[in-house]
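*Asks:* My structure file work35.txt, compact mmCIF, C-alpha atoms, is below:
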```txt
# COMPACT_ATOMS: atom_id res chain seq x y z
CA MET Z 11 -43.71 126.38 -124.98
CA SER Z 12 -44.15 122.80 -123.75
CA ARG Z 13 -43.33 122.36 -120.07
CA TYR Z 14 -42.41 118.83 -119.07
CA PHE Z 15 -42.43 117.35 -115.58
CA LEU Z 16 -39.81 114.59 -115.72
CA THR Z 17 -39.16 111.91 -113.11
CA GLY Z 18 -36.15 109.61 -113.28
CA GLY Z 19 -34.13 112.21 -115.19
CA THR Z 20 -30.89 111.00 -113.63
CA GLY Z 21 -31.56 107.42 -114.76
CA THR Z 22 -30.91 105.57 -118.01
CA VAL Z 23 -34.11 106.37 -119.90
CA GLY Z 24 -34.88 109.70 -118.23
CA SER Z 25 -31.46 111.20 -118.90
CA CYS Z 26 -31.77 110.38 -122.61
CA VAL Z 27 -35.27 111.87 -122.65
CA LEU Z 28 -33.84 115.03 -121.07
CA GLU Z 29 -31.06 115.17 -123.66
CA HIS Z 30 -33.58 114.98 -126.51
CA LEU Z 31 -35.88 117.52 -124.86
CA LEU Z 32 -33.05 120.02 -124.59
CA ALA Z 33 -32.39 119.59 -128.30
CA ARG Z 34 -35.78 121.23 -128.79
CA ALA Z 35 -35.80 124.98 -128.37
CA ASP Z 36 -39.47 125.09 -127.33
CA SER Z 37 -39.37 123.01 -124.15
CA HIS Z 38 -38.71 123.61 -120.46
CA VAL Z 39 -38.13 120.73 -118.05
CA TYR Z 40 -39.10 120.52 -114.39
CA LEU Z 41 -36.72 117.84 -113.18
CA LEU Z 42 -37.66 115.90 -110.04
CA VAL Z 43 -34.52 114.88 -108.14
CA ARG Z 44 -33.93 113.34 -104.74
CA ALA Z 45 -31.76 115.58 -102.59
CA ASN Z 46 -31.50 116.65 -98.96
CA SER Z 47 -31.51 120.36 -99.85
CA ASN Z 48 -32.36 122.69 -102.71
CA GLU Z 49 -28.66 123.43 -103.11
CA ARG Z 50 -27.91 119.74 -103.48
CA ALA Z 51 -30.72 119.43 -106.05
CA GLU Z 52 -29.10 122.22 -108.09
CA GLU Z 53 -25.73 120.49 -107.88
CA ARG Z 54 -27.25 117.27 -109.20
CA LYS Z 55 -28.89 119.16 -112.04
CA PHE Z 56 -25.67 120.83 -113.15
CA ARG Z 57 -23.72 117.57 -112.94
CA LEU Z 58 -26.37 115.80 -114.99
CA LEU Z 59 -26.33 118.51 -117.67
CA GLN Z 60 -22.57 118.24 -118.02
CA THR Z 61 -22.81 114.44 -118.22
CA ILE Z 62 -25.40 114.31 -120.98
CA MET Z 63 -24.72 117.56 -122.85
CA GLY Z 64 -20.94 117.82 -122.50
CA ALA Z 65 -18.66 120.43 -120.98
CA ASP Z 66 -20.91 123.30 -122.03
CA GLY Z 67 -24.01 121.61 -120.62
CA THR Z 68 -24.52 124.42 -118.14
CA LYS Z 69 -25.75 126.65 -120.96
CA TYR Z 70 -29.00 124.69 -120.78
CA ALA Z 71 -29.43 125.36 -117.05
CA ASP Z 72 -32.08 128.05 -117.49
CA ARG Z 73 -34.28 125.53 -119.33
CA VAL Z 74 -34.20 122.99 -116.51
CA THR Z 75 -35.73 123.65 -113.10
CA ALA Z 76 -34.57 121.24 -110.41
CA ILE Z 77 -37.40 120.22 -108.07
CA ARG Z 78 -36.45 118.46 -104.85
CA GLY Z 79 -38.78 115.55 -104.22
CA ASP Z 80 -39.44 111.81 -104.27
CA THR Z 81 -42.03 109.94 -106.36
CA LYS Z 82 -42.68 107.50 -103.52
CA LEU Z 83 -43.99 110.30 -101.24
CA SER Z 84 -47.41 111.93 -101.23
CA LEU Z 85 -47.22 115.29 -103.05
CA PHE Z 86 -43.68 114.12 -103.91
CA GLY Z 87 -42.73 115.30 -100.41
CA MET Z 88 -43.44 118.96 -101.28
CA PRO Z 89 -45.46 121.59 -99.41
CA GLN Z 90 -48.97 121.91 -100.87
CA ASP Z 91 -48.39 125.39 -102.28
CA GLN Z 92 -45.21 124.37 -104.13
CA TYR Z 93 -46.95 121.27 -105.47
CA GLN Z 94 -49.82 123.38 -106.80
CA ARG Z 95 -47.47 125.90 -108.44
CA LEU Z 96 -45.75 123.00 -110.20
CA ALA Z 97 -49.09 121.64 -111.38
CA ASP Z 98 -50.06 125.07 -112.68
CA ALA Z 99 -46.81 125.27 -114.67
CA CYS Z 100 -46.56 121.87 -116.42
CA THR Z 101 -48.23 120.71 -119.62
CA HIS Z 102 -46.70 117.22 -119.95
CA VAL Z 103 -45.63 114.44 -117.60
CA ILE Z 104 -42.99 111.80 -118.32
CA HIS Z 105 -42.63 109.26 -115.54
CA SER Z 106 -39.47 107.20 -116.00
CA ALA Z 107 -38.34 106.91 -112.38
CA GLY Z 108 -37.85 103.45 -110.88
CA LEU Z 109 -35.32 101.09 -109.37
CA VAL Z 110 -34.19 98.60 -112.02
CA ARG Z 111 -33.21 95.95 -109.50
CA MET Z 112 -34.57 92.44 -109.78
CA ASN Z 113 -34.10 91.12 -106.26
CA LEU Z 114 -35.56 93.83 -104.01
CA PRO Z 115 -38.00 92.80 -101.27
CA LEU Z 116 -41.49 93.04 -102.75
CA GLU Z 117 -42.61 95.97 -100.58
CA GLU Z 118 -39.55 97.97 -101.57
CA ALA Z 119 -40.16 97.19 -105.23
CA ARG Z 120 -43.80 98.23 -104.83
CA ALA Z 121 -42.80 101.54 -103.26
CA SER Z 122 -40.62 102.28 -106.29
CA ALA Z 123 -43.25 101.22 -108.84
CA VAL Z 124 -46.82 101.17 -107.47
CA TYR Z 125 -46.72 104.00 -104.93
CA ALA Z 126 -44.84 106.18 -107.40
CA ALA Z 127 -47.38 105.44 -110.15
CA GLU Z 128 -50.25 106.41 -107.87
CA ASN Z 129 -48.54 109.68 -106.92
CA VAL Z 130 -47.84 110.54 -110.56
CA ILE Z 131 -51.47 109.83 -111.45
CA THR Z 132 -52.61 112.14 -108.64
CA PHE Z 133 -50.29 114.85 -109.97
CA ALA Z 134 -51.65 114.36 -113.49
CA ARG Z 135 -55.20 114.76 -112.19
CA THR Z 136 -54.16 118.03 -110.53
CA LEU Z 137 -52.72 119.25 -113.85
CA GLN Z 138 -55.91 118.26 -115.61
CA GLN Z 139 -57.99 120.19 -113.07
CA SER Z 140 -55.82 123.26 -113.63
CA GLY Z 141 -56.46 122.98 -117.38
CA GLN Z 142 -52.77 122.51 -118.21
CA LEU Z 143 -52.42 118.78 -118.91
CA GLN Z 144 -51.83 117.66 -122.49
CA LYS Z 145 -50.24 114.23 -122.13
CA VAL Z 146 -48.69 111.68 -119.72
CA GLU Z 147 -46.02 109.17 -120.78
CA PHE Z 148 -45.65 106.29 -118.33
CA VAL Z 149 -42.64 103.96 -118.49
CA SER Z 150 -43.39 100.33 -117.66
CA THR Z 151 -41.57 97.23 -118.99
CA VAL Z 152 -42.27 94.26 -121.25
CA GLY Z 153 -41.41 92.28 -118.11
CA VAL Z 154 -45.00 92.79 -116.89
CA GLY Z 155 -45.78 89.73 -119.03
CA GLY Z 156 -44.04 87.62 -116.40
CA HIS Z 157 -43.79 83.99 -117.47
CA SER Z 158 -46.12 84.48 -120.45
CA THR Z 159 -44.73 82.88 -123.61
CA GLU Z 160 -46.01 85.76 -125.73
CA VAL Z 161 -46.53 89.32 -124.47
CA THR Z 162 -48.99 91.31 -126.57
CA GLU Z 163 -49.30 95.08 -127.03
CA ASP Z 164 -52.26 95.43 -124.72
CA TRP Z 165 -53.32 95.50 -121.08
CA ILE Z 166 -52.69 92.12 -119.49
CA GLU Z 167 -55.47 90.59 -117.42
CA THR Z 168 -54.51 86.92 -117.26
CA PRO Z 169 -53.01 85.61 -113.99
CA ARG Z 170 -49.30 84.88 -114.35
CA GLY Z 171 -46.15 84.27 -112.38
CA PHE Z 172 -43.13 86.55 -112.48
CA HIS Z 173 -39.39 86.08 -112.72
CA ASN Z 174 -38.71 88.60 -109.93
CA THR Z 175 -40.18 91.36 -107.75
CA TYR Z 176 -39.30 94.06 -110.30
CA GLU Z 177 -41.63 92.53 -112.88
CA GLN Z 178 -44.39 91.95 -110.33
CA ALA Z 179 -44.29 95.50 -108.98
CA LYS Z 180 -44.28 96.99 -112.49
CA ALA Z 181 -47.29 94.82 -113.41
CA GLU Z 182 -49.12 95.98 -110.29
CA ALA Z 183 -48.31 99.60 -111.19
CA GLU Z 184 -50.13 99.25 -114.51
CA VAL Z 185 -53.40 98.56 -112.66
CA PRO Z 186 -53.97 102.13 -111.36
CA VAL Z 187 -52.64 103.51 -114.65
CA ARG Z 188 -55.26 101.59 -116.60
CA ALA Z 189 -57.95 102.82 -114.21
CA ALA Z 190 -56.77 106.41 -114.73
CA VAL Z 191 -57.00 105.96 -118.51
CA GLY Z 192 -60.58 104.82 -118.00
CA GLU Z 193 -61.25 107.98 -116.02
CA GLY Z 194 -60.11 110.11 -118.93
CA LEU Z 195 -56.46 110.88 -118.20
CA PRO Z 196 -54.46 111.13 -121.46
CA ILE Z 197 -51.86 108.45 -120.69
CA THR Z 198 -49.67 106.30 -122.93
CA VAL Z 199 -47.87 103.30 -121.43
CA HIS Z 200 -44.42 102.50 -122.80
CA ARG Z 201 -42.97 99.03 -122.25
CA PRO Z 202 -39.26 98.92 -123.13
CA SER Z 203 -37.34 95.65 -123.19
CA MET Z 204 -33.71 95.45 -121.97
CA VAL Z 205 -32.38 98.97 -122.52
CA VAL Z 206 -28.83 99.37 -123.86
CA GLY Z 207 -26.72 102.33 -125.00
CA ASP Z 208 -27.28 104.82 -127.79
CA SER Z 209 -27.58 103.17 -131.21
CA VAL Z 210 -25.04 105.57 -132.75
CA THR Z 211 -22.51 106.27 -129.98
CA GLY Z 212 -23.12 103.40 -127.55
CA ARG Z 213 -23.32 105.96 -124.73
CA ILE Z 214 -25.41 105.28 -121.64
CA ILE Z 215 -25.46 106.99 -118.27
CA SER Z 216 -25.18 103.79 -116.22
CA PHE Z 217 -24.42 100.14 -116.94
CA GLN Z 218 -27.38 98.00 -115.96
CA VAL Z 219 -28.67 94.48 -116.61
CA PHE Z 220 -27.42 93.97 -120.17
CA TYR Z 221 -23.83 94.78 -119.25
CA HIS Z 222 -23.85 92.39 -116.28
CA LEU Z 223 -25.21 89.76 -118.65
CA CYS Z 224 -22.29 90.41 -121.03
CA GLU Z 225 -19.87 89.77 -118.17
CA PHE Z 226 -21.71 86.57 -117.36
CA LEU Z 227 -21.52 85.42 -120.99
CA THR Z 228 -17.72 85.72 -120.94
CA GLY Z 229 -17.58 83.08 -118.19
CA SER Z 230 -15.52 85.33 -115.93
CA ARG Z 231 -18.08 85.02 -113.14
CA SER Z 232 -18.68 81.29 -113.44
CA ARG Z 233 -15.19 79.97 -114.22
CA GLY Z 234 -16.24 79.20 -117.76
CA LEU Z 235 -19.25 77.09 -116.78
CA PHE Z 236 -22.53 77.68 -118.63
CA PRO Z 237 -25.95 76.08 -118.76
CA PRO Z 238 -27.32 75.23 -122.23
CA PHE Z 239 -28.99 78.26 -123.82
CA GLY Z 240 -31.13 76.42 -126.36
CA GLY Z 241 -33.05 78.68 -128.71
CA THR Z 242 -33.55 81.53 -126.23
CA LYS Z 243 -33.36 85.04 -127.66
CA LEU Z 244 -32.61 88.30 -125.89
CA ASP Z 245 -34.68 91.38 -126.69
CA THR Z 246 -32.65 94.58 -126.35
CA ILE Z 247 -33.44 98.14 -127.39
CA PRO Z 248 -31.23 101.26 -127.66
CA VAL Z 249 -32.03 104.05 -125.23
CA ASP Z 250 -32.26 106.72 -127.94
CA TYR Z 251 -35.02 104.74 -129.69
CA VAL Z 252 -36.98 104.67 -126.42
CA ALA Z 253 -36.52 108.42 -125.86
CA LYS Z 254 -37.53 109.34 -129.42
CA ALA Z 255 -40.64 107.17 -129.26
CA MET Z 256 -41.75 108.66 -125.94
CA LEU Z 257 -41.22 112.26 -127.01
CA TRP Z 258 -43.05 111.71 -130.27
CA SER Z 259 -45.92 110.12 -128.35
CA SER Z 260 -46.06 113.08 -125.96
CA GLY Z 261 -47.33 115.22 -128.83
CA GLN Z 262 -49.85 112.70 -130.15
CA LYS Z 263 -53.49 112.31 -129.14
CA GLN Z 264 -53.66 109.10 -131.17
CA THR Z 265 -51.49 107.27 -128.62
CA ILE Z 266 -53.74 108.05 -125.64
CA GLY Z 267 -54.78 104.85 -123.88
CA LYS Z 268 -52.38 102.72 -125.93
CA VAL Z 269 -49.64 100.36 -124.76
CA LEU Z 270 -46.51 100.72 -126.87
CA HIS Z 271 -43.88 97.98 -126.93
CA LEU Z 272 -40.49 99.64 -127.31
CA CYS Z 273 -38.51 96.53 -128.08
CA SER Z 274 -36.78 94.65 -130.88
CA GLY Z 275 -39.59 92.15 -131.15
CA PRO Z 276 -39.51 88.73 -132.85
CA ARG Z 277 -37.72 90.09 -135.92
CA HIS Z 278 -34.64 91.60 -134.25
CA ALA Z 279 -34.21 89.80 -130.91
CA ILE Z 280 -30.80 88.11 -130.86
CA PRO Z 281 -30.19 84.42 -130.00
CA ILE Z 282 -28.20 84.16 -126.77
CA GLY Z 283 -25.62 81.91 -128.43
CA ASP Z 284 -24.96 84.52 -131.14
CA LEU Z 285 -24.74 87.28 -128.53
CA GLN Z 286 -22.24 85.27 -126.53
CA ARG Z 287 -20.00 84.65 -129.53
CA GLN Z 288 -19.96 88.34 -130.45
CA VAL Z 289 -19.41 89.52 -126.88
CA VAL Z 290 -16.56 87.07 -126.31
CA ALA Z 291 -14.89 88.18 -129.56
CA MET Z 292 -15.11 91.85 -128.56
CA PHE Z 293 -13.83 91.23 -125.02
CA ARG Z 294 -10.99 89.11 -126.39
CA ALA Z 295 -10.04 91.83 -128.90
CA LYS Z 296 -9.66 94.17 -125.93
CA GLY Z 297 -7.21 91.78 -124.29
CA VAL Z 298 -9.63 90.42 -121.69
CA THR Z 299 -8.63 86.92 -120.56
CA MET Z 300 -11.53 84.48 -120.37
CA PRO Z 301 -11.74 80.85 -119.22
CA GLN Z 302 -12.46 78.01 -121.60
CA PRO Z 303 -16.27 77.58 -121.80
CA ARG Z 304 -17.86 74.32 -120.59
CA ILE Z 305 -21.55 73.51 -120.91
CA ILE Z 306 -23.09 71.62 -118.01
CA PRO Z 307 -26.73 70.71 -117.24
CA ARG Z 308 -28.83 73.60 -115.92
CA VAL Z 309 -29.61 71.86 -112.61
CA LEU Z 310 -25.92 71.18 -111.98
CA PHE Z 311 -25.02 74.76 -112.89
CA ARG Z 312 -27.47 76.13 -110.32
CA ALA Z 313 -26.12 73.76 -107.68
CA MET Z 314 -22.58 74.97 -108.30
CA LEU Z 315 -23.36 78.68 -107.88
CA MET Z 316 -23.06 78.63 -104.09
CA PRO Z 317 -19.62 76.99 -103.96
CA LEU Z 318 -18.49 79.23 -106.83
CA GLY Z 319 -19.51 82.25 -104.78
CA MET Z 320 -17.67 80.99 -101.72
CA LEU Z 321 -14.47 80.49 -103.72
CA ALA Z 322 -14.69 83.77 -105.64
CA PRO Z 323 -12.89 86.98 -104.66
CA LYS Z 324 -14.93 89.23 -102.42
CA ASN Z 325 -15.67 91.77 -105.17
CA THR Z 326 -17.19 89.05 -107.42
CA ARG Z 327 -19.47 87.37 -104.89
CA ARG Z 328 -22.17 89.99 -105.30
CA ALA Z 329 -22.09 89.57 -109.09
CA ILE Z 330 -22.41 85.78 -108.78
CA LYS Z 331 -25.53 86.26 -106.65
CA THR Z 332 -27.20 87.90 -109.67
CA VAL Z 333 -26.59 84.90 -111.95
CA PRO Z 334 -29.87 83.13 -110.99
CA ILE Z 335 -31.72 86.21 -112.29
CA PHE Z 336 -30.14 85.72 -115.71
CA LEU Z 337 -30.87 81.99 -115.60
CA ASP Z 338 -34.57 82.66 -115.11
CA TYR Z 339 -34.62 84.80 -118.23
CA LEU Z 340 -32.42 82.50 -120.27
CA ALA Z 341 -34.56 79.48 -119.41
CA SER Z 342 -37.67 80.86 -121.11
CA GLU Z 343 -38.28 81.41 -124.81
CA GLN Z 344 -40.41 84.53 -124.64
CA VAL Z 345 -41.66 86.74 -127.46
CA PHE Z 346 -42.54 90.43 -127.13
CA GLN Z 347 -44.87 91.53 -129.91
CA ASN Z 348 -44.26 94.99 -131.39
CA GLU Z 349 -45.88 94.94 -134.83
CA THR Z 350 -48.63 97.45 -134.00
CA THR Z 351 -46.22 99.78 -132.23
CA GLN Z 352 -43.79 99.63 -135.11
CA LYS Z 353 -46.40 100.53 -137.72
CA LEU Z 354 -47.29 103.54 -135.61
CA LEU Z 355 -43.71 104.69 -135.00
CA GLU Z 356 -42.46 103.99 -138.52
CA SER Z 357 -45.08 106.42 -139.81
CA ALA Z 358 -43.21 109.03 -137.73
CA GLY Z 359 -39.81 107.95 -139.05
CA ILE Z 360 -38.85 106.01 -135.92
CA ALA Z 361 -37.75 102.49 -136.85
CA VAL Z 362 -36.29 99.74 -134.67
CA PRO Z 363 -32.60 99.36 -135.56
CA PRO Z 364 -31.40 95.77 -136.07
CA THR Z 365 -29.19 94.50 -133.26
CA SER Z 366 -26.28 94.14 -135.68
CA ALA Z 367 -26.34 97.91 -136.25
CA TYR Z 368 -25.57 98.86 -132.64
CA LEU Z 369 -24.25 95.88 -130.67
CA ASP Z 370 -20.58 96.60 -131.37
CA LYS Z 371 -21.02 100.27 -130.41
CA VAL Z 372 -22.79 99.42 -127.17
CA VAL Z 373 -20.26 96.79 -126.04
CA SER Z 374 -17.26 98.87 -127.17
CA TYR Z 375 -18.51 101.83 -125.12
CA TYR Z 376 -18.70 99.56 -122.09
CA LEU Z 377 -15.28 98.01 -122.66
CA ALA Z 378 -13.65 101.45 -122.94
CA ARG Z 379 -14.98 102.26 -119.45
CA ARG Z 380 -14.68 98.84 -117.83
CA GLY Z 381 -12.85 99.47 -114.57
CA PRO Z 382 -10.27 97.41 -112.66
CA LYS Z 383 -13.01 95.92 -110.49
CA ASP Z 384 -14.79 94.60 -113.57
CA GLN Z 385 -11.54 93.24 -114.98
CA ARG Z 386 -10.97 91.16 -111.85
CA ALA Z 387 -14.53 89.82 -111.94
```
Reformat the file's structure so that it appears as structure tokens.

*Replies:*
Amino acid sequence: MSRYFLTGGTGTVGSCVLEHLLARADSHVYLLVRANSNERAEERKFRLLQTIMGADGTKYADRVTAIRGDTKLSLFGMPQDQYQRLADACTHVIHSAGLVRMNLPLEEARASAVYAAENVITFARTLQQSGQLQKVEFVSTVGVGGHSTEVTEDWIETPRGFHNTYEQAKAEAEVPVRAAVGEGLPITVHRPSMVVGDSVTGRIISFQVFYHLCEFLTGSRSRGLFPPFGGTKLDTIPVDYVAKAMLWSSGQKQTIGKVLHLCSGPRHAIPIGDLQRQVVAMFRAKGVTMPQPRIIPRVLFRAMLMPLGMLAPKNTRRAIKTVPIFLDYLASEQVFQNETTQKLLESAGIAVPPTSAYLDKVVSYYLARRGPKDQRA
């Protein structure tokens, strides 16, 4: 039986990985969760199982062991003997934990990305010493390319600027990972692009960046004002594609030391203008009222954000503060290469779905759960 140590299992990618692992009869999962007691860790486990596996999710409870700990802490905050027992038990590591927030102070972002990466590497070394380790899957992001016009499927050495602290911290986290690969640890780095819901059902455990961008594209947070989008494209990827790719990789020696780009790539990335038209049509079909769109110069749009925030209802001010993050992305025409990754994954029957095959499902899932607070935004 394969025994997986999974971090970030309560998050977007990790929860989907857990769901797919439980679909396999030959796997056991050691789930690292933050909690102030073992009882609370068990509660979080059971709630997660019901969320991702449905009402009868508890039937999988004996195949998931909740481990109370934190990736940012040495030994994950565990006593040495418990840490060693865990290392003696696990055969695989999947590290998907991390705060997907773009505007954290740099040290906080580093704690979530760099310190956690170093602690996971230390744990993997301990597994290797115990003779148990088969593979490590490490979740990064295509955002490590920063302001690069083209991000290739390889380690990045060139100096570059970043759009935000999330990208910078993730890029810094790849440095010790690459060193560990050089030391002989069997690691594969996975760089997803903007993760959205399941390609078939649209389901996702939490609504993150893409869904805030959809709200922005309706004009509800900017009173219908938009900067020009030009030819910018958005690279999105369904969460189930990411999970399938990672789990396949976890059983493959051929992916050791490789960087896999789990993204739509140049072929399937969607122009922002097309995305906006489709999103607006879907919101409108649901009866959402939207202001008349008006395009204004980018510099003027940025200048108007502060007064817009001051005039907005209290519950929307926070959302307006995130708009500059989107502007930074929308201002750059960036390409994420994925040709090599796709050849590898297609040989295993894992193909990138075109955006047109899942966009309506993803947005419809969100709209069906869009709360009153979102509707006032």

*Asks:* Using Å and a single decimal, report how far atom CA of Z:Val191 sits from atom CA of Z:Thr136.

*Replies:*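 Calculated distance between atom CA of Z:Thr136 and atom CA of Z:Val191 is 14.7 Å.
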
*Asks:* Expressed in Å to a single decimal, how great is the separation between atom CA of Z:Thr61 and atom CA of Z:Met256?

*Replies:*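 Calculated distance between atom CA of Z:Thr61 and atom CA of Z:Met256 is 21.3 Å.
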
*Asks:* So which one's closest to Z:His38, Z:Met300, Z:Ala291, Z:Val249, Z:Leu16? Using all atoms listed in the file, please.

*Replies:*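 Once distances to Z:His38 are computed over all atoms listed in the file, the minimum belongs to Z:Leu16.
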
*Asks:* So, counting only C-alpha atoms, which residue among Z:Thr162, Z:Ser12, Z:Ser209, Z:Asn174 is closest to Z:Met112?

*Replies:*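 Result for the nearest residue to Z:Met112: Z:Asn174.
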
*Asks:* Do you have the atom CA of Z:Asn46-atom CA of Z:Leu83 distance handy?

*Replies:* 14.2 Å

*Asks:* Could you check the closest approach to Z:Arg120 for each of Z:Ala179, Z:Ser203, Z:His102, Z:Gly67 and tell me which residue wins, using only C-alpha atoms?

*Replies:*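 Residue with the minimum atom-to-atom distance to Z:Arg120: Z:Ala179.
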
*Asks:* I want to know what sits within 12 Å of Z:Gln60, based on all atoms listed in the file, with residues of the same chain fewer than 3 positions away left out; could you give that as a list in words?

*Replies:*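 Here the answer would be Thr20, Ser25, Glu29, Glu53, Arg54, Lys55, Phe56, Arg57, Met63, Gly64, Ala65, Asp66, Gly67, Thr68, Lys69, Tyr70, Ala71 and Ile215 of chain Z.
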
*Asks:* Could you save the residues just selected, with C-alpha atoms, as a compact mmCIF listing (two decimals), in the coordinates of the input?

*Replies:*
```txt
# COMPACT_ATOMS: atom_id res chain seq x y z
CA THR Z 20 -30.89 111.00 -113.63
CA SER Z 25 -31.46 111.20 -118.90
CA GLU Z 29 -31.06 115.17 -123.66
CA GLU Z 53 -25.73 120.49 -107.88
CA ARG Z 54 -27.25 117.27 -109.20
CA LYS Z 55 -28.89 119.16 -112.04
CA PHE Z 56 -25.67 120.83 -113.15
CA ARG Z 57 -23.72 117.57 -112.94
CA MET Z 63 -24.72 117.56 -122.85
CA GLY Z 64 -20.94 117.82 -122.50
CA ALA Z 65 -18.66 120.43 -120.98
CA ASP Z 66 -20.91 123.30 -122.03
CA GLY Z 67 -24.01 121.61 -120.62
CA THR Z 68 -24.52 124.42 -118.14
CA LYS Z 69 -25.75 126.65 -120.96
CA TYR Z 70 -29.00 124.69 -120.78
CA ALA Z 71 -29.43 125.36 -117.05
CA ILE Z 215 -25.46 106.99 -118.27
```

*Asks:* For the contact check between stretch 198-314 of chain Z and stretch 339-360 of chain Z, emit one row per residue of stretch 198-314 of chain Z within 8 Å, containing the shortest atom pair and the distance in Å rounded to one decimal, counting all atoms listed in the file, chain then rising number order, as a Markdown table.

*Replies:*
```
| residue | atom | partner | partner_atom | distance |
| --- | --- | --- | --- | --- |
| Z:Phe239 | CA | Z:Leu340 | CA | 6.5 |
| Z:Gly241 | CA | Z:Glu343 | CA | 7.1 |
| Z:Thr242 | CA | Z:Glu343 | CA | 4.9 |
| Z:Lys243 | CA | Z:Glu343 | CA | 6.7 |
| Z:Asp245 | CA | Z:Phe346 | CA | 7.9 |
| Z:Tyr251 | CA | Z:Ile360 | CA | 7.4 |
| Z:Lys254 | CA | Z:Ile360 | CA | 7.4 |
| Z:Ala255 | CA | Z:Leu355 | CA | 7.0 |
| Z:Trp258 | CA | Z:Ala358 | CA | 7.9 |
| Z:Leu270 | CA | Z:Thr351 | CA | 5.4 |
| Z:His271 | CA | Z:Asn348 | CA | 5.4 |
| Z:Leu272 | CA | Z:Asn348 | CA | 7.2 |
| Z:Cys273 | CA | Z:Asn348 | CA | 6.8 |
| Z:Ser274 | CA | Z:Asn348 | CA | 7.5 |
| Z:Gly275 | CA | Z:Phe346 | CA | 5.3 |
| Z:Pro276 | CA | Z:Val345 | CA | 6.1 |
| Z:Ile282 | CA | Z:Leu340 | CA | 7.9 |
```

*Asks:* Kindly list the centre and edge lengths in Å, rounded to one decimal, for the axis-aligned box that covers all listed atoms of stretch 356-371 of chain Z plus 8 Å on each of its six sides, as JSON.

*Replies:*
```
{"center_x": -32.8, "center_y": 101.6, "center_z": -135.1, "size_x": 40.5, "size_y": 30.9, "size_z": 25.4}
```

*Asks:* Within 7 Å of Z:Lys145, counting only C-alpha atoms, which residues qualify if same-chain residues fewer than 6 places away don't, as a list of chain:residue names?

*Replies:* Z:His102, Z:Val103, Z:Pro196, Z:Ile197, Z:Ser260

*Asks:* Just the selected residues (C-alpha atoms), exported as a PDB file, in the coordinates of the input, please.

*Replies:*
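The result, stored in part_34.pdb:
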```
ATOM      1  CA  HIS Z 102     -46.700 117.220-119.950  1.00  0.00           C
ATOM      2  CA  VAL Z 103     -45.630 114.440-117.600  1.00  0.00           C
ATOM      3  CA  PRO Z 196     -54.460 111.130-121.460  1.00  0.00           C
ATOM      4  CA  ILE Z 197     -51.860 108.450-120.690  1.00  0.00           C
ATOM      5  CA  SER Z 260     -46.060 113.080-125.960  1.00  0.00           C
TER       6      SER Z 260
END
```
